[in-house]
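Comments concern the structure below.
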Amino acid sequence: MDSSDFHVFLAGRSSVRDFTGEPVAEEDLDYILKCASTAPSAGNLEAWDVVVVTDEETREALSEVAFNQEHIRQAPLILCVCSNYVRAMSRYGERGILYALEDATIACTYMMLAAQARGFSSCWTGAFDDEGVREVLDLPQHLRPVALLAVGKGKEPAQSPPRMAVGEHVHRESW
């Protein structure tokens, strides 16, 4: 893949909230998770964990604590990506909280792009009740749910929304 192909790949990804319900095969899930395990992390501690959810009742419960977002219920696969504070704080103290959040978001990004590489659509969802997710998935207290990544075959191809010009984000040498 050359740099032009890579840009097309990235620009072709967009959040999808309408899924066919077709299951994600185990080998595709394995690929997604193996890709996530290659994500960079602070001190190579990989301060993230993921809960794989395919059960319909559990997806329903997650949808409820995610403010009844239908795509959480509808997608055949939900990856609840969590930051693992204990793992990062063991080396970095208080700063490890930030590093764990960063590790989780980078790993989730890799999962999202790996899903796209396998022909799946996804939607990163950050709007949910943390304690509700913790309760539904029986998460230990040292984990913080960072994202619910809905994955599946989209009913319609992803359409990228208009984006800000790159120059709107970039400041050189100082603000």
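Each chain in the structure tokens gets a letter, A, B and so on, in the order shown; residues start at 1 in every chain, and ligands are counted from 1 in the order they appear.
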
Which residues of segment 74-105 of chain A sit at most 7 Å from segment 20-41 of chain A, using only C-alpha atoms? Give each one's shortest atom pair and distance in Å (one decimal place), in chain and ascending residue order, as CSV.
```
residue,atom,partner,partner_atom,distance
A:Gln74,CA,A:Gly21,CA,6.4
A:Ala75,CA,A:Gly21,CA,5.9
A:Pro76,CA,A:Gly21,CA,5.4
A:Leu77,CA,A:Val24,CA,6.8
A:Asp103,CA,A:Ser41,CA,5.1
```

DSSP alpha helix (DSSP H) selection over chain A, as a VMD selection string: chain A and resid 3 to 11 26 to 36 56 to 65 70 to 74 85 to 92 95 to 117 130 to 137

Residues near His71 of chain A, cut-off 9 Å, only C-alpha atoms, skip fewer than 6 positions along chain, as a ChimeraX atom specification: /A:16-19,63,123,150

Members of chain A assigned strand (DSSP E or B) by DSSP, as a PyMOL selection string: chain A and resi 15+19+48-53+77-84+121-125+143-152+154

Among listed residues A:Val81, A:Gly12, A:Asp5, A:Gly154, nearest Arg134 of chain A (using only C-alpha atoms): A:Val81

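For the choices A:Arg118, A:Arg163, A:Arg144, A:Lys155, the atom-to-atom distance to Tyr85 of chain A is smallest for A:Arg144 when using only C-alpha atoms.
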
Who sits within 7 Å of segment 135-137 of chain A, only C-alpha atoms, same chain under 3 positions skipped, as a ChimeraX atom specification: /A:61-62,131-132

Can those selected residues be exported to a file as a short mmCIF file (atom, residue, chain, number, x, y, z; two decimals), in the first residue's frame so that it contains all heavy atoms?
```cif
data_model
loop_
_atom_site.label_atom_id
_atom_site.label_comp_id
_atom_site.auth_asym_id
_atom_site.auth_seq_id
_atom_site.Cartn_x
_atom_site.Cartn_y
_atom_site.Cartn_z
N ALA A 61 -28.70 -4.41 27.11
CA ALA A 61 -28.41 -3.73 28.37
C ALA A 61 -27.40 -2.60 28.17
O ALA A 61 -27.54 -1.52 28.76
CB ALA A 61 -27.90 -4.74 29.40
N LEU A 62 -26.40 -2.84 27.32
CA LEU A 62 -25.43 -1.78 27.02
C LEU A 62 -26.10 -0.61 26.31
O LEU A 62 -25.79 0.55 26.58
CB LEU A 62 -24.27 -2.31 26.18
CG LEU A 62 -23.25 -3.17 26.91
CD1 LEU A 62 -22.24 -3.76 25.93
CD2 LEU A 62 -22.54 -2.37 28.01
N GLU A 131 -20.83 3.97 35.08
CA GLU A 131 -21.22 3.01 36.12
C GLU A 131 -22.21 1.97 35.58
O GLU A 131 -22.16 0.82 35.99
CB GLU A 131 -21.79 3.73 37.34
CG GLU A 131 -20.73 4.47 38.13
CD GLU A 131 -19.53 3.61 38.52
OE1 GLU A 131 -19.73 2.48 39.03
OE2 GLU A 131 -18.39 4.05 38.30
N GLY A 132 -23.06 2.39 34.65
CA GLY A 132 -23.98 1.44 34.03
C GLY A 132 -23.24 0.39 33.23
O GLY A 132 -23.54 -0.81 33.31
#
```

Spatial neighbours of Phe128 of chain A, max dist 10 Å, only C-alpha atoms, sep filter under 5 positions, as a list in words: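 Returned residues: Leu62, Ser63, Glu64, Val65, Ala66, Phe67, Asn68, Gln69, Val133, Pro145, Val146, Ala147 and Leu148 of chain A.
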
With all heavy atoms retained, write the just-selected residues as a compact mmCIF listing (two decimals), in the first residue's frame.
```txt
# COMPACT_ATOMS: atom_id res chain seq x y z
N LEU A 62 -26.40 -2.84 27.32
CA LEU A 62 -25.43 -1.78 27.02
C LEU A 62 -26.10 -0.61 26.31
O LEU A 62 -25.79 0.55 26.58
CB LEU A 62 -24.27 -2.31 26.18
CG LEU A 62 -23.25 -3.17 26.91
CD1 LEU A 62 -22.24 -3.76 25.93
CD2 LEU A 62 -22.54 -2.37 28.01
N SER A 63 -27.01 -0.92 25.40
CA SER A 63 -27.73 0.14 24.70
C SER A 63 -28.49 1.02 25.69
O SER A 63 -28.49 2.24 25.58
CB SER A 63 -28.70 -0.48 23.68
OG SER A 63 -29.50 0.52 23.10
N GLU A 64 -29.11 0.39 26.67
CA GLU A 64 -29.87 1.15 27.68
C GLU A 64 -28.97 2.10 28.46
O GLU A 64 -29.35 3.25 28.70
CB GLU A 64 -30.60 0.19 28.61
CG GLU A 64 -31.76 -0.52 27.92
CD GLU A 64 -32.41 -1.58 28.78
OE1 GLU A 64 -32.16 -1.62 30.01
OE2 GLU A 64 -33.19 -2.38 28.22
N VAL A 65 -27.77 1.64 28.86
CA VAL A 65 -26.87 2.51 29.63
C VAL A 65 -26.10 3.47 28.71
O VAL A 65 -25.40 4.35 29.20
CB VAL A 65 -25.92 1.72 30.55
CG1 VAL A 65 -26.73 0.95 31.58
CG2 VAL A 65 -24.99 0.82 29.77
N ALA A 66 -26.26 3.28 27.39
CA ALA A 66 -25.67 4.21 26.41
C ALA A 66 -26.78 5.11 25.87
O ALA A 66 -26.81 5.44 24.69
CB ALA A 66 -24.98 3.44 25.29
N PHE A 67 -27.70 5.47 26.75
CA PHE A 67 -28.76 6.42 26.42
C PHE A 67 -29.62 5.94 25.26
O PHE A 67 -30.04 6.73 24.41
CB PHE A 67 -28.17 7.82 26.18
CG PHE A 67 -27.20 8.22 27.26
CD1 PHE A 67 -25.86 8.39 26.98
CD2 PHE A 67 -27.64 8.38 28.57
CE1 PHE A 67 -24.95 8.73 27.98
CE2 PHE A 67 -26.74 8.72 29.58
CZ PHE A 67 -25.40 8.89 29.28
N ASN A 68 -29.86 4.62 25.24
CA ASN A 68 -30.74 3.97 24.25
C ASN A 68 -30.29 4.18 22.81
O ASN A 68 -31.12 4.27 21.90
CB ASN A 68 -32.19 4.40 24.45
CG ASN A 68 -32.72 3.91 25.78
OD1 ASN A 68 -32.63 2.72 26.09
ND2 ASN A 68 -33.22 4.82 26.59
N GLN A 69 -29.00 4.20 22.59
CA GLN A 69 -28.49 4.32 21.23
C GLN A 69 -28.71 2.98 20.51
O GLN A 69 -28.18 1.95 20.93
CB GLN A 69 -27.02 4.72 21.23
CG GLN A 69 -26.82 6.13 21.78
CD GLN A 69 -25.39 6.54 21.74
OE1 GLN A 69 -24.85 6.80 20.67
NE2 GLN A 69 -24.75 6.59 22.90
N VAL A 133 -22.25 0.81 32.45
CA VAL A 133 -21.43 -0.13 31.68
C VAL A 133 -20.68 -1.04 32.64
O VAL A 133 -20.61 -2.27 32.45
CB VAL A 133 -20.47 0.60 30.72
CG1 VAL A 133 -19.47 -0.37 30.10
CG2 VAL A 133 -21.24 1.33 29.63
N PRO A 145 -14.36 2.16 31.45
CA PRO A 145 -14.79 2.02 30.06
C PRO A 145 -14.57 3.33 29.32
O PRO A 145 -14.99 4.39 29.78
CB PRO A 145 -16.28 1.67 30.17
CG PRO A 145 -16.70 2.16 31.51
CD PRO A 145 -15.47 2.14 32.38
N VAL A 146 -13.88 3.26 28.19
CA VAL A 146 -13.54 4.44 27.42
C VAL A 146 -14.40 4.54 26.16
O VAL A 146 -14.80 5.63 25.77
CB VAL A 146 -12.04 4.41 27.04
CG1 VAL A 146 -11.68 5.54 26.10
CG2 VAL A 146 -11.18 4.46 28.30
N ALA A 147 -14.68 3.39 25.54
CA ALA A 147 -15.46 3.40 24.30
C ALA A 147 -16.22 2.09 24.16
O ALA A 147 -15.77 1.04 24.59
CB ALA A 147 -14.54 3.58 23.10
N LEU A 148 -17.39 2.21 23.55
CA LEU A 148 -18.14 1.04 23.08
C LEU A 148 -18.00 1.09 21.57
O LEU A 148 -18.56 1.99 20.92
CB LEU A 148 -19.61 1.12 23.50
CG LEU A 148 -19.89 1.11 24.99
CD1 LEU A 148 -21.38 1.33 25.25
CD2 LEU A 148 -19.41 -0.19 25.64
```

Distance of atom CA of Leu149 of chain A from atom CA of Leu45 of chain A, expressed in Å to one decimal place: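 So the two atoms, atom CA of Leu45 of chain A and atom CA of Leu149 of chain A, lie 21.9 Å apart.
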
Nearest residue to Asn84 of chain A from the set A:Arg59, A:Leu98, A:His142, A:Gln116 (distances using only C-alpha atoms): A:His142

Point-to-point distance from atom CA of Trp48 of chain A to atom CA of Ser90 of chain A, Å rounded to tenths: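 Between atom CA of Trp48 of chain A and atom CA of Ser90 of chain A the gap works out to 13.6 Å.
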
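Of the residues under consideration (A:Asp2, A:Val51, A:Pro161, A:His7), A:Val51 shows the shortest atom-to-atom contact distance to Pro140 of chain A when counting only C-alpha atoms.
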
Å distance separating atom CA of Glu46 of chain A from atom CA of Leu101 of chain A, one decimal place: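 Atom-to-atom, atom CA of Glu46 of chain A and atom CA of Leu101 of chain A are spaced 10.5 Å apart.
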
Residue among A:Glu60, A:Glu173, A:Glu102, A:Asp49 lying closest to Cys80 of chain A, counting only C-alpha atoms: A:Asp49

Closest of A:Ala11, A:Ile78, A:Leu143, A:Ala88 to Met111 of chain A - atom-to-atom distances counting only C-alpha atoms: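 Ranked by minimum distance to Met111 of chain A, first place goes to A:Ile78.
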